[in-house]
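Participant: Following this line is run-v5.pdb, made up of PDB, C-alpha atoms and all ligand atoms:
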MODEL        1
ATOM      1  CA  MET A   1       5.282 -73.037-135.178  1.00  0.00           C
ATOM      2  CA  LEU A   2       7.711 -70.592-133.594  1.00  0.00           C
ATOM      3  CA  LYS A   3      11.205 -70.547-135.108  1.00  0.00           C
ATOM      4  CA  ILE A   4      13.728 -68.688-132.996  1.00  0.00           C
ATOM      5  CA  ASN A   5      17.400 -68.517-134.032  1.00  0.00           C
ATOM      6  CA  LYS A   6      18.592 -67.644-130.577  1.00  0.00           C
ATOM      7  CA  THR A   7      18.930 -69.204-127.152  1.00  0.00           C
ATOM      8  CA  VAL A   8      15.538 -69.163-125.442  1.00  0.00           C
ATOM      9  CA  VAL A   9      15.485 -69.328-121.641  1.00  0.00           C
ATOM     10  CA  LEU A  10      12.384 -70.223-119.630  1.00  0.00           C
ATOM     11  CA  ALA A  11      12.808 -68.325-116.361  1.00  0.00           C
ATOM     12  CA  SER A  12      10.593 -70.677-114.392  1.00  0.00           C
ATOM     13  CA  ALA A  13      10.696 -73.616-111.985  1.00  0.00           C
ATOM     14  CA  SER A  14       7.126 -74.563-112.912  1.00  0.00           C
ATOM     15  CA  PRO A  15       6.843 -78.006-114.547  1.00  0.00           C
ATOM     16  CA  ARG A  16       3.479 -76.867-115.969  1.00  0.00           C
ATOM     17  CA  ARG A  17       5.095 -73.998-117.880  1.00  0.00           C
ATOM     18  CA  TYR A  18       7.824 -76.339-119.116  1.00  0.00           C
ATOM     19  CA  ASN A  19       5.259 -78.797-120.481  1.00  0.00           C
ATOM     20  CA  LEU A  20       3.027 -76.136-122.027  1.00  0.00           C
ATOM     21  CA  LEU A  21       5.909 -74.526-123.929  1.00  0.00           C
ATOM     22  CA  LYS A  22       7.126 -77.940-125.096  1.00  0.00           C
ATOM     23  CA  GLN A  23       3.574 -78.632-126.260  1.00  0.00           C
ATOM     24  CA  ILE A  24       3.811 -75.765-128.775  1.00  0.00           C
ATOM     25  CA  GLY A  25       7.167 -77.007-130.036  1.00  0.00           C
ATOM     26  CA  LEU A  26       9.459 -74.398-128.493  1.00  0.00           C
ATOM     27  CA  SER A  27      13.131 -75.290-127.857  1.00  0.00           C
ATOM     28  CA  PHE A  28      14.495 -73.726-124.699  1.00  0.00           C
ATOM     29  CA  ILE A  29      16.636 -74.137-121.632  1.00  0.00           C
ATOM     30  CA  VAL A  30      15.351 -73.641-118.084  1.00  0.00           C
ATOM     31  CA  HIS A  31      16.766 -71.187-115.546  1.00  0.00           C
ATOM     32  CA  PRO A  32      14.398 -70.469-112.611  1.00  0.00           C
ATOM     33  CA  SER A  33      14.572 -66.936-111.206  1.00  0.00           C
ATOM     34  CA  GLY A  34      14.491 -67.895-107.524  1.00  0.00           C
ATOM     35  CA  LEU A  35      12.719 -64.582-106.869  1.00  0.00           C
ATOM     36  CA  ASP A  36      11.247 -64.129-103.383  1.00  0.00           C
ATOM     37  CA  GLU A  37       7.616 -63.492-104.309  1.00  0.00           C
ATOM     38  CA  ASP A  38       6.362 -63.172-100.718  1.00  0.00           C
ATOM     39  CA  SER A  39       8.032 -59.827-100.071  1.00  0.00           C
ATOM     40  CA  PHE A  40       6.134 -58.275-102.951  1.00  0.00           C
ATOM     41  CA  GLN A  41       3.051 -56.036-102.522  1.00  0.00           C
ATOM     42  CA  THR A  42       0.971 -54.439-105.280  1.00  0.00           C
ATOM     43  CA  SER A  43      -2.317 -52.682-105.735  1.00  0.00           C
ATOM     44  CA  SER A  44      -4.071 -54.589-108.515  1.00  0.00           C
ATOM     45  CA  PRO A  45      -3.983 -58.173-109.852  1.00  0.00           C
ATOM     46  CA  GLU A  46      -2.921 -56.901-113.294  1.00  0.00           C
ATOM     47  CA  GLU A  47      -0.029 -54.927-111.845  1.00  0.00           C
ATOM     48  CA  HIS A  48       0.923 -57.886-109.647  1.00  0.00           C
ATOM     49  CA  VAL A  49       1.311 -60.450-112.441  1.00  0.00           C
ATOM     50  CA  LEU A  50       2.862 -57.992-114.903  1.00  0.00           C
ATOM     51  CA  THR A  51       5.426 -56.711-112.420  1.00  0.00           C
ATOM     52  CA  LEU A  52       6.327 -60.125-111.024  1.00  0.00           C
ATOM     53  CA  SER A  53       6.752 -61.720-114.443  1.00  0.00           C
ATOM     54  CA  LYS A  54       8.975 -58.770-115.456  1.00  0.00           C
ATOM     55  CA  LYS A  55      11.075 -59.099-112.291  1.00  0.00           C
ATOM     56  CA  LYS A  56      11.570 -62.838-112.922  1.00  0.00           C
ATOM     57  CA  ALA A  57      12.741 -62.169-116.500  1.00  0.00           C
ATOM     58  CA  LEU A  58      15.089 -59.341-115.505  1.00  0.00           C
ATOM     59  CA  GLU A  59      16.629 -61.451-112.750  1.00  0.00           C
ATOM     60  CA  VAL A  60      17.476 -64.320-115.112  1.00  0.00           C
ATOM     61  CA  ALA A  61      18.583 -61.906-117.882  1.00  0.00           C
ATOM     62  CA  LYS A  62      21.706 -61.071-115.851  1.00  0.00           C
ATOM     63  CA  ASN A  63      23.125 -64.476-116.862  1.00  0.00           C
ATOM     64  CA  TYR A  64      22.412 -64.287-120.609  1.00  0.00           C
ATOM     65  CA  PRO A  65      23.743 -61.356-122.692  1.00  0.00           C
ATOM     66  CA  ASN A  66      22.185 -62.608-125.942  1.00  0.00           C
ATOM     67  CA  ALA A  67      19.027 -64.605-125.389  1.00  0.00           C
ATOM     68  CA  ILE A  68      15.250 -64.426-125.262  1.00  0.00           C
ATOM     69  CA  ILE A  69      13.909 -64.831-121.748  1.00  0.00           C
ATOM     70  CA  ILE A  70      10.345 -65.977-121.079  1.00  0.00           C
ATOM     71  CA  SER A  71       8.722 -65.763-117.652  1.00  0.00           C
ATOM     72  CA  ALA A  72       5.267 -65.767-116.079  1.00  0.00           C
ATOM     73  CA  ASP A  73       3.344 -65.326-112.868  1.00  0.00           C
ATOM     74  CA  THR A  74      -0.051 -66.768-111.931  1.00  0.00           C
ATOM     75  CA  ILE A  75      -2.426 -65.715-109.154  1.00  0.00           C
ATOM     76  CA  VAL A  76      -6.000 -66.444-108.112  1.00  0.00           C
ATOM     77  CA  VAL A  77      -8.288 -63.540-107.215  1.00  0.00           C
ATOM     78  CA  LEU A  78     -11.421 -63.992-105.122  1.00  0.00           C
ATOM     79  CA  ASP A  79     -13.582 -60.972-104.239  1.00  0.00           C
ATOM     80  CA  GLY A  80     -10.608 -58.674-104.863  1.00  0.00           C
ATOM     81  CA  GLU A  81      -8.232 -60.677-102.671  1.00  0.00           C
ATOM     82  CA  ILE A  82      -5.011 -61.919-104.290  1.00  0.00           C
ATOM     83  CA  ILE A  83      -4.343 -65.577-103.470  1.00  0.00           C
ATOM     84  CA  SER A  84      -0.865 -66.885-104.304  1.00  0.00           C
ATOM     85  CA  LYS A  85       0.678 -70.254-103.373  1.00  0.00           C
ATOM     86  CA  PRO A  86      -0.160 -71.607 -99.882  1.00  0.00           C
ATOM     87  CA  LYS A  87       2.688 -71.665 -97.368  1.00  0.00           C
ATOM     88  CA  ASP A  88       1.566 -74.966 -95.806  1.00  0.00           C
ATOM     89  CA  GLN A  89      -1.227 -77.551 -95.776  1.00  0.00           C
ATOM     90  CA  GLU A  90      -3.383 -75.540 -93.355  1.00  0.00           C
ATOM     91  CA  GLU A  91      -3.328 -72.502 -95.589  1.00  0.00           C
ATOM     92  CA  ALA A  92      -4.080 -74.708 -98.609  1.00  0.00           C
ATOM     93  CA  LYS A  93      -7.212 -76.004 -96.848  1.00  0.00           C
ATOM     94  CA  LEU A  94      -8.356 -72.462 -96.001  1.00  0.00           C
ATOM     95  CA  MET A  95      -7.876 -71.356 -99.601  1.00  0.00           C
ATOM     96  CA  LEU A  96      -9.927 -74.258-100.957  1.00  0.00           C
ATOM     97  CA  LYS A  97     -12.695 -73.583 -98.428  1.00  0.00           C
ATOM     98  CA  LYS A  98     -12.858 -69.980 -99.617  1.00  0.00           C
ATOM     99  CA  LEU A  99     -13.005 -70.994-103.284  1.00  0.00           C
ATOM    100  CA  SER A 100     -15.742 -73.603-102.700  1.00  0.00           C
ATOM    101  CA  GLY A 101     -19.029 -72.778-104.484  1.00  0.00           C
ATOM    102  CA  LYS A 102     -17.705 -69.491-105.888  1.00  0.00           C
ATOM    103  CA  THR A 103     -16.305 -68.005-109.076  1.00  0.00           C
ATOM    104  CA  HIS A 104     -12.747 -66.668-108.945  1.00  0.00           C
ATOM    105  CA  ARG A 105     -10.443 -65.203-111.562  1.00  0.00           C
ATOM    106  CA  VAL A 106      -7.064 -66.566-112.560  1.00  0.00           C
ATOM    107  CA  TYR A 107      -4.528 -64.023-113.844  1.00  0.00           C
ATOM    108  CA  THR A 108      -1.318 -64.993-115.587  1.00  0.00           C
ATOM    109  CA  GLY A 109       1.149 -62.313-116.625  1.00  0.00           C
ATOM    110  CA  PHE A 110       4.018 -63.141-118.952  1.00  0.00           C
ATOM    111  CA  THR A 111       7.139 -61.364-120.162  1.00  0.00           C
ATOM    112  CA  ILE A 112       9.317 -61.770-123.247  1.00  0.00           C
ATOM    113  CA  LEU A 113      12.718 -60.075-123.043  1.00  0.00           C
ATOM    114  CA  ASP A 114      15.508 -59.869-125.618  1.00  0.00           C
ATOM    115  CA  THR A 115      18.636 -59.352-123.561  1.00  0.00           C
ATOM    116  CA  LYS A 116      20.682 -58.124-126.552  1.00  0.00           C
ATOM    117  CA  THR A 117      18.358 -55.289-127.598  1.00  0.00           C
ATOM    118  CA  ASN A 118      16.624 -54.897-124.188  1.00  0.00           C
ATOM    119  CA  LYS A 119      13.280 -55.069-125.967  1.00  0.00           C
ATOM    120  CA  ILE A 120      10.677 -56.187-123.459  1.00  0.00           C
ATOM    121  CA  TYR A 121       7.006 -57.108-123.813  1.00  0.00           C
ATOM    122  CA  SER A 122       4.584 -58.039-121.038  1.00  0.00           C
ATOM    123  CA  ASP A 123       0.906 -58.905-121.126  1.00  0.00           C
ATOM    124  CA  PHE A 124      -1.632 -60.860-119.102  1.00  0.00           C
ATOM    125  CA  GLU A 125      -4.706 -63.052-119.519  1.00  0.00           C
ATOM    126  CA  VAL A 126      -7.698 -63.593-117.219  1.00  0.00           C
ATOM    127  CA  THR A 127      -9.923 -66.674-116.907  1.00  0.00           C
ATOM    128  CA  ASP A 128     -13.025 -67.067-114.729  1.00  0.00           C
ATOM    129  CA  VAL A 129     -13.261 -70.386-112.873  1.00  0.00           C
ATOM    130  CA  LYS A 130     -16.435 -71.576-111.095  1.00  0.00           C
ATOM    131  CA  PHE A 131     -15.948 -74.142-108.301  1.00  0.00           C
ATOM    132  CA  ARG A 132     -18.784 -76.397-107.161  1.00  0.00           C
ATOM    133  CA  GLU A 133     -19.369 -76.768-103.425  1.00  0.00           C
ATOM    134  CA  ILE A 134     -16.579 -78.997-102.102  1.00  0.00           C
ATOM    135  CA  ASP A 135     -16.739 -80.672 -98.719  1.00  0.00           C
ATOM    136  CA  GLU A 136     -14.090 -80.889 -96.023  1.00  0.00           C
ATOM    137  CA  ASP A 137     -13.260 -84.546 -96.650  1.00  0.00           C
ATOM    138  CA  GLU A 138     -12.551 -83.808-100.286  1.00  0.00           C
ATOM    139  CA  ILE A 139     -10.355 -80.860 -99.328  1.00  0.00           C
ATOM    140  CA  ASP A 140      -8.431 -82.896 -96.717  1.00  0.00           C
ATOM    141  CA  GLU A 141      -7.894 -85.775 -99.131  1.00  0.00           C
ATOM    142  CA  TYR A 142      -6.655 -83.476-101.888  1.00  0.00           C
ATOM    143  CA  VAL A 143      -4.347 -81.449 -99.640  1.00  0.00           C
ATOM    144  CA  ALA A 144      -2.870 -84.697 -98.260  1.00  0.00           C
ATOM    145  CA  THR A 145      -1.631 -85.516-101.785  1.00  0.00           C
ATOM    146  CA  GLY A 146       0.700 -82.479-101.516  1.00  0.00           C
ATOM    147  CA  SER A 147      -0.216 -81.366-105.028  1.00  0.00           C
ATOM    148  CA  PRO A 148      -1.908 -78.067-104.039  1.00  0.00           C
ATOM    149  CA  LEU A 149       1.172 -76.753-102.255  1.00  0.00           C
ATOM    150  CA  ASP A 150       3.045 -75.352-105.257  1.00  0.00           C
ATOM    151  CA  LYS A 151      -0.010 -73.921-106.958  1.00  0.00           C
ATOM    152  CA  ALA A 152      -1.749 -70.544-106.808  1.00  0.00           C
ATOM    153  CA  GLY A 153      -5.104 -70.909-105.020  1.00  0.00           C
ATOM    154  CA  ALA A 154      -4.003 -74.366-103.784  1.00  0.00           C
ATOM    155  CA  TYR A 155      -5.391 -76.277-106.744  1.00  0.00           C
ATOM    156  CA  GLY A 156      -4.439 -77.477-110.195  1.00  0.00           C
ATOM    157  CA  ILE A 157      -7.241 -77.550-112.762  1.00  0.00           C
ATOM    158  CA  GLN A 158      -5.151 -80.228-114.477  1.00  0.00           C
ATOM    159  CA  ASP A 159      -4.935 -82.410-111.314  1.00  0.00           C
ATOM    160  CA  ASP A 160      -7.167 -85.456-110.804  1.00  0.00           C
ATOM    161  CA  TYR A 161      -8.841 -83.794-107.805  1.00  0.00           C
ATOM    162  CA  GLY A 162      -8.644 -80.209-109.039  1.00  0.00           C
ATOM    163  CA  ALA A 163     -10.394 -81.150-112.260  1.00  0.00           C
ATOM    164  CA  VAL A 164     -13.505 -82.358-110.437  1.00  0.00           C
ATOM    165  CA  PHE A 165     -13.781 -79.185-108.322  1.00  0.00           C
ATOM    166  CA  VAL A 166     -14.271 -77.073-111.436  1.00  0.00           C
ATOM    167  CA  GLU A 167     -17.826 -76.685-112.698  1.00  0.00           C
ATOM    168  CA  ARG A 168     -16.993 -74.410-115.629  1.00  0.00           C
ATOM    169  CA  ILE A 169     -14.492 -71.907-116.909  1.00  0.00           C
ATOM    170  CA  ASN A 170     -14.788 -68.839-119.082  1.00  0.00           C
ATOM    171  CA  GLY A 171     -11.588 -68.059-120.986  1.00  0.00           C
ATOM    172  CA  CYS A 172      -8.266 -69.695-121.769  1.00  0.00           C
ATOM    173  CA  PHE A 173      -7.762 -73.079-120.044  1.00  0.00           C
ATOM    174  CA  TYR A 174      -3.955 -72.951-120.343  1.00  0.00           C
ATOM    175  CA  ASN A 175      -3.957 -69.583-118.621  1.00  0.00           C
ATOM    176  CA  VAL A 176      -5.273 -71.344-115.504  1.00  0.00           C
ATOM    177  CA  VAL A 177      -2.567 -74.025-115.737  1.00  0.00           C
ATOM    178  CA  GLY A 178       0.039 -71.232-115.713  1.00  0.00           C
ATOM    179  CA  PHE A 179       0.679 -70.015-119.240  1.00  0.00           C
ATOM    180  CA  PRO A 180      -1.812 -68.466-121.737  1.00  0.00           C
ATOM    181  CA  LEU A 181      -0.613 -70.298-124.851  1.00  0.00           C
ATOM    182  CA  THR A 182      -2.576 -68.509-127.580  1.00  0.00           C
ATOM    183  CA  LYS A 183      -1.911 -65.021-126.270  1.00  0.00           C
ATOM    184  CA  PHE A 184       1.768 -65.847-125.776  1.00  0.00           C
ATOM    185  CA  TYR A 185       2.122 -67.435-129.235  1.00  0.00           C
ATOM    186  CA  LEU A 186       0.680 -64.361-130.971  1.00  0.00           C
ATOM    187  CA  ALA A 187       2.766 -62.016-128.828  1.00  0.00           C
ATOM    188  CA  MET A 188       5.920 -63.968-129.553  1.00  0.00           C
ATOM    189  CA  LYS A 189       5.284 -63.911-133.308  1.00  0.00           C
ATOM    190  CA  ARG A 190       4.858 -60.126-133.187  1.00  0.00           C
ATOM    191  CA  PHE A 191       7.906 -59.756-130.941  1.00  0.00           C
ATOM    192  CA  LEU A 192      10.107 -61.704-133.382  1.00  0.00           C
ATOM    193  CA  SER A 193       8.785 -60.027-136.543  1.00  0.00           C
ATOM    194  CA  ASP A 194       9.373 -56.513-135.106  1.00  0.00           C
ATOM    195  CA  ASP A 195      13.130 -57.224-135.032  1.00  0.00           C
TER     196      ASP A 195
HETATM  197  C1  LIG A 201      -4.599 -72.066-110.637  1.00  0.00           C
HETATM  198  C2  LIG A 201      -3.498 -73.008-111.032  1.00  0.00           C
HETATM  199  C3  LIG A 201      -2.168 -72.695-110.810  1.00  0.00           C
HETATM  200  N1  LIG A 201      -1.175 -73.570-111.155  1.00  0.00           N
HETATM  201  C4  LIG A 201       0.256 -73.275-110.906  1.00  0.00           C
HETATM  202  C5  LIG A 201       0.963 -72.578-112.079  1.00  0.00           C
HETATM  203  C6  LIG A 201       2.204 -72.005-111.405  1.00  0.00           C
HETATM  204  O1  LIG A 201       3.245 -72.987-111.480  1.00  0.00           O
HETATM  205  C7  LIG A 201       1.776 -71.795-109.949  1.00  0.00           C
HETATM  206  C8  LIG A 201       1.695 -70.323-109.556  1.00  0.00           C
HETATM  207  O2  LIG A 201       2.918 -69.889-109.049  1.00  0.00           O
HETATM  208  P1  LIG A 201       3.918 -68.915-109.813  1.00  0.00           P
HETATM  209  O3  LIG A 201       4.581 -68.074-108.790  1.00  0.00           O
HETATM  210  O4  LIG A 201       3.222 -68.212-110.947  1.00  0.00           O
HETATM  211  O5  LIG A 201       4.974 -69.896-110.490  1.00  0.00           O
HETATM  212  P2  LIG A 201       5.969 -70.943-109.827  1.00  0.00           P
HETATM  213  O6  LIG A 201       6.440 -70.470-108.481  1.00  0.00           O
HETATM  214  O7  LIG A 201       5.356 -72.312-109.910  1.00  0.00           O
HETATM  215  O8  LIG A 201       7.197 -70.957-110.860  1.00  0.00           O
HETATM  216  P3  LIG A 201       8.129 -69.713-111.336  1.00  0.00           P
HETATM  217  O9  LIG A 201       7.854 -68.516-110.467  1.00  0.00           O
HETATM  218  O10 LIG A 201       9.550 -70.213-111.201  1.00  0.00           O
HETATM  219  O11 LIG A 201       7.745 -69.484-112.784  1.00  0.00           O
HETATM  220  O12 LIG A 201       0.464 -72.371-109.824  1.00  0.00           O
HETATM  221  C9  LIG A 201      -1.491 -74.793-111.755  1.00  0.00           C
HETATM  222  O13 LIG A 201      -0.593 -75.600-112.054  1.00  0.00           O
HETATM  223  N2  LIG A 201      -2.809 -75.094-112.000  1.00  0.00           N
HETATM  224  C10 LIG A 201      -3.838 -74.270-111.662  1.00  0.00           C
HETATM  225  O14 LIG A 201      -5.015 -74.611-111.914  1.00  0.00           O
ENDMDL
END
Show me, as structure tokens, the structure contained in the file I just sent.
Ligand SMILES: Cc1cn([C@H]2C[C@H](O)[C@@H](COP(=O)(O)OP(=O)(O)OP(=O)(O)O)O2)c(=O)[nH]c1=O

Facilitator:
Amino acid sequence: MLKINKTVVLASASPRRYNLLKQIGLSFIVHPSGLDEDSFQTSSPEEHVLTLSKKKALEVAKNYPNAIIISADTIVVLDGEIISKPKDQEEAKLMLKKLSGKTHRVYTGFTILDTKTNKIYSDFEVTDVKFREIDEDEIDEYVATGSPLDKAGAYGIQDDYGAVFVERINGCFYNVVGFPLTKFYLAMKRFLSDD
């Protein structure tokens, strides 16, 4: 597993990212960036997740002169349209209606930053997710649980409801949940051995 002789800071308020990084045995503290993601416009999904994850890391880096900062950003992309987190229940319902019966892509970008050397590495992963047709009652019931509200595309593949909307995926499952574990693990090993 990863052995890091330095303070590691997870620059994220996402409980999913917390759990996923704990799952691979990483020791870290949490310091969310509080970045306003709504005011941010970009051209491509790749650029969006790479730039936002970098911004989150750089924001939190200001507080830690000698640490490794880890951050990420997840979006859903349907027919070229970037879908982030819904602003309310109505928007969550609209998002789920759009995703029904279709295949979308989930992009997660992540950044690793050493605040002492200023070495920075960012990368992203993409997973295709096929939804079955979901009906309005199912959408209403799920949205009423409140769970979709803090999630890109208004669903969690790991949720009770979200799980049964998904017919199949192609790619990394953990990438959909919010952090591409294998890609991150390999990147982190390279990052640490380059020191
Ligand atoms: C598609 C999908 C997203 N998500 C979540 C992961 C992320 O927490 C969230 C996307 O929003 P993000 O802006 O990437 O992350 P966040 O606001 O939750 O946390 P922070 O910016 O502080 O790191 O959607 C799931 O939990 N399951 C899913 O299936």

Participant: Using the chain letters and numbers from the file, which residues does the PyMOL selection byres (((chain A and resi 83-87) around 9) and not hetatm) grab, as a short mmCIF file (atom, residue, chain, number, x, y, z; two decimals) with C-alpha atoms, keeping the file's coordinate frame?

Facilitator:
data_model
loop_
_atom_site.label_atom_id
_atom_site.label_comp_id
_atom_site.auth_asym_id
_atom_site.auth_seq_id
_atom_site.Cartn_x
_atom_site.Cartn_y
_atom_site.Cartn_z
CA ASP A 38 6.36 -63.17 -100.72
CA THR A 74 -0.05 -66.77 -111.93
CA ILE A 75 -2.43 -65.72 -109.15
CA VAL A 76 -6.00 -66.44 -108.11
CA VAL A 77 -8.29 -63.54 -107.22
CA LEU A 78 -11.42 -63.99 -105.12
CA GLU A 81 -8.23 -60.68 -102.67
CA ILE A 82 -5.01 -61.92 -104.29
CA ASP A 88 1.57 -74.97 -95.81
CA GLN A 89 -1.23 -77.55 -95.78
CA GLU A 90 -3.38 -75.54 -93.36
CA GLU A 91 -3.33 -72.50 -95.59
CA ALA A 92 -4.08 -74.71 -98.61
CA LYS A 93 -7.21 -76.00 -96.85
CA MET A 95 -7.88 -71.36 -99.60
CA PRO A 148 -1.91 -78.07 -104.04
CA LEU A 149 1.17 -76.75 -102.26
CA ASP A 150 3.04 -75.35 -105.26
CA LYS A 151 -0.01 -73.92 -106.96
CA ALA A 152 -1.75 -70.54 -106.81
CA GLY A 153 -5.10 -70.91 -105.02
CA ALA A 154 -4.00 -74.37 -103.78
#

Participant: Could you list, as an NGL selection string, every residue within 12 Å of A:Asp159, counting only C-alpha atoms and ignoring same-chain residues fewer than 2 positions away?

Facilitator: :A and (16 or 142-143 or 145-148 or 151 or 154-157 or 161-166 or 176-177)

Participant: Smallest atom-to-atom distance to ligand LIG 201 (chain A): which of A:Leu113, A:Ile4, A:Ile68, A:Val126, using all atoms listed in the file?

Facilitator: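 Result for the nearest residue to ligand LIG 201 (chain A): A:Val126.
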
Participant: My list of candidates is A:Gln41, A:Thr7, A:Asn170, A:Ser14. Which is closest to A:Leu26 when distances are computed with all atoms listed in the file?

Facilitator: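 Of A:Gln41, A:Thr7, A:Asn170, A:Ser14, the one nearest A:Leu26 is A:Thr7, counting all atoms listed in the file.
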
Participant: Can you turn the PyMOL selection byres (((chain A and resi 174) around 12) and not hetatm) into a concrete residue list for this file, as an NGL selection string?

Facilitator: :A and (16-17 or 19-21 or 23-24 or 74 or 106-108 or 125-127 or 156-158 or 169-173 or 175-184)

Participant: Excluding stretch 117-124 of chain A and residues on its chain fewer than 3 positions from it, collect all residues at most 8 Å away from it, counting all atoms listed in the file, and give them as a PDB file with C-alpha atoms, keeping the file's coordinate frame.

Facilitator:
ATOM      1  CA  GLU A  46      -2.921 -56.901-113.294  1.00  0.00           C
ATOM      2  CA  VAL A  49       1.311 -60.450-112.441  1.00  0.00           C
ATOM      3  CA  LEU A  50       2.862 -57.992-114.903  1.00  0.00           C
ATOM      4  CA  SER A  53       6.752 -61.720-114.443  1.00  0.00           C
ATOM      5  CA  LYS A  54       8.975 -58.770-115.456  1.00  0.00           C
ATOM      6  CA  TYR A 107      -4.528 -64.023-113.844  1.00  0.00           C
ATOM      7  CA  THR A 108      -1.318 -64.993-115.587  1.00  0.00           C
ATOM      8  CA  GLY A 109       1.149 -62.313-116.625  1.00  0.00           C
ATOM      9  CA  PHE A 110       4.018 -63.141-118.952  1.00  0.00           C
ATOM     10  CA  THR A 111       7.139 -61.364-120.162  1.00  0.00           C
ATOM     11  CA  ILE A 112       9.317 -61.770-123.247  1.00  0.00           C
ATOM     12  CA  LEU A 113      12.718 -60.075-123.043  1.00  0.00           C
ATOM     13  CA  ASP A 114      15.508 -59.869-125.618  1.00  0.00           C
ATOM     14  CA  PHE A 191       7.906 -59.756-130.941  1.00  0.00           C
TER      15      PHE A 191
END

Participant: For the atom pair atom C5 of ligand LIG 201 (chain A) and atom CA of A:Asn66, what is the interatomic distance in Å to one decimal place?

Facilitator: 27.2 Å

Participant: When the PyMOL selection byres (((chain A and resi 101) around 7) and not hetatm) is applied to the file above, which residues end up in the set, as a PDB file with C-alpha atoms, in the coordinates of the input?

Facilitator:
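And here is the file that came out, result34.pdb:
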ATOM      1  CA  LEU A  99     -13.005 -70.994-103.284  1.00  0.00           C
ATOM      2  CA  SER A 100     -15.742 -73.603-102.700  1.00  0.00           C
ATOM      3  CA  LYS A 102     -17.705 -69.491-105.888  1.00  0.00           C
ATOM      4  CA  PHE A 131     -15.948 -74.142-108.301  1.00  0.00           C
ATOM      5  CA  ARG A 132     -18.784 -76.397-107.161  1.00  0.00           C
ATOM      6  CA  GLU A 133     -19.369 -76.768-103.425  1.00  0.00           C
TER       7      GLU A 133
END

Participant: Looking at A:Lys116, A:Ile134, A:Lys56, A:Ile69, which one is nearest to A:Leu96, with distances taken over only C-alpha atoms?

Facilitator: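 Using only C-alpha atoms, the shortest distance to A:Leu96 belongs to A:Ile134.
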
Participant: Report, in Å to a single decimal, how far apart atom CA of A:Ile70 and atom CA of A:Asp160 are.

Facilitator: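 It comes out at 28.1 Å.
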
Participant: With C-alpha atoms retained, output stretch 26-66 of chain A as a short mmCIF file (atom, residue, chain, number, x, y, z; two decimals), in the first residue's frame.

Facilitator:
data_model
loop_
_atom_site.label_atom_id
_atom_site.label_comp_id
_atom_site.auth_asym_id
_atom_site.auth_seq_id
_atom_site.Cartn_x
_atom_site.Cartn_y
_atom_site.Cartn_z
CA LEU A 26 -4.24 6.06 3.05
CA SER A 27 -3.80 8.22 6.18
CA PHE A 28 -4.89 11.80 5.65
CA ILE A 29 -6.64 14.82 7.06
CA VAL A 30 -9.58 16.53 5.36
CA HIS A 31 -9.71 20.19 4.32
CA PRO A 32 -12.48 20.98 1.78
CA SER A 33 -11.65 23.70 -0.74
CA GLY A 34 -15.00 25.51 -0.59
CA LEU A 35 -14.45 26.49 -4.23
CA ASP A 36 -17.44 28.03 -6.03
CA GLU A 37 -17.77 25.58 -8.91
CA ASP A 38 -20.83 27.25 -10.47
CA SER A 39 -18.95 30.30 -11.71
CA PHE A 40 -16.66 28.11 -13.77
CA GLN A 41 -16.99 27.63 -17.56
CA THR A 42 -14.84 25.42 -19.80
CA SER A 43 -14.82 24.03 -23.28
CA SER A 44 -14.35 20.28 -22.83
CA PRO A 45 -15.16 17.73 -20.10
CA GLU A 46 -11.46 16.82 -19.81
CA GLU A 47 -10.45 20.44 -19.33
CA HIS A 48 -13.31 20.94 -16.87
CA VAL A 49 -12.36 18.15 -14.46
CA LEU A 50 -8.60 18.74 -14.77
CA THR A 51 -8.87 22.47 -14.17
CA LEU A 52 -11.37 22.22 -11.33
CA SER A 53 -9.42 19.53 -9.48
CA LYS A 54 -6.27 21.68 -9.85
CA LYS A 55 -8.07 24.77 -8.54
CA LYS A 56 -9.34 22.83 -5.50
CA ALA A 57 -5.81 21.61 -4.69
CA LEU A 58 -4.21 25.03 -5.14
CA GLU A 59 -6.84 26.66 -2.92
CA VAL A 60 -6.20 24.27 -0.03
CA ALA A 61 -2.41 24.37 -0.58
CA LYS A 62 -2.34 27.93 0.78
CA ASN A 63 -2.80 26.47 4.28
CA TYR A 64 -0.11 23.77 4.12
CA PRO A 65 3.52 24.70 3.27
CA ASN A 66 4.76 21.10 3.46
#
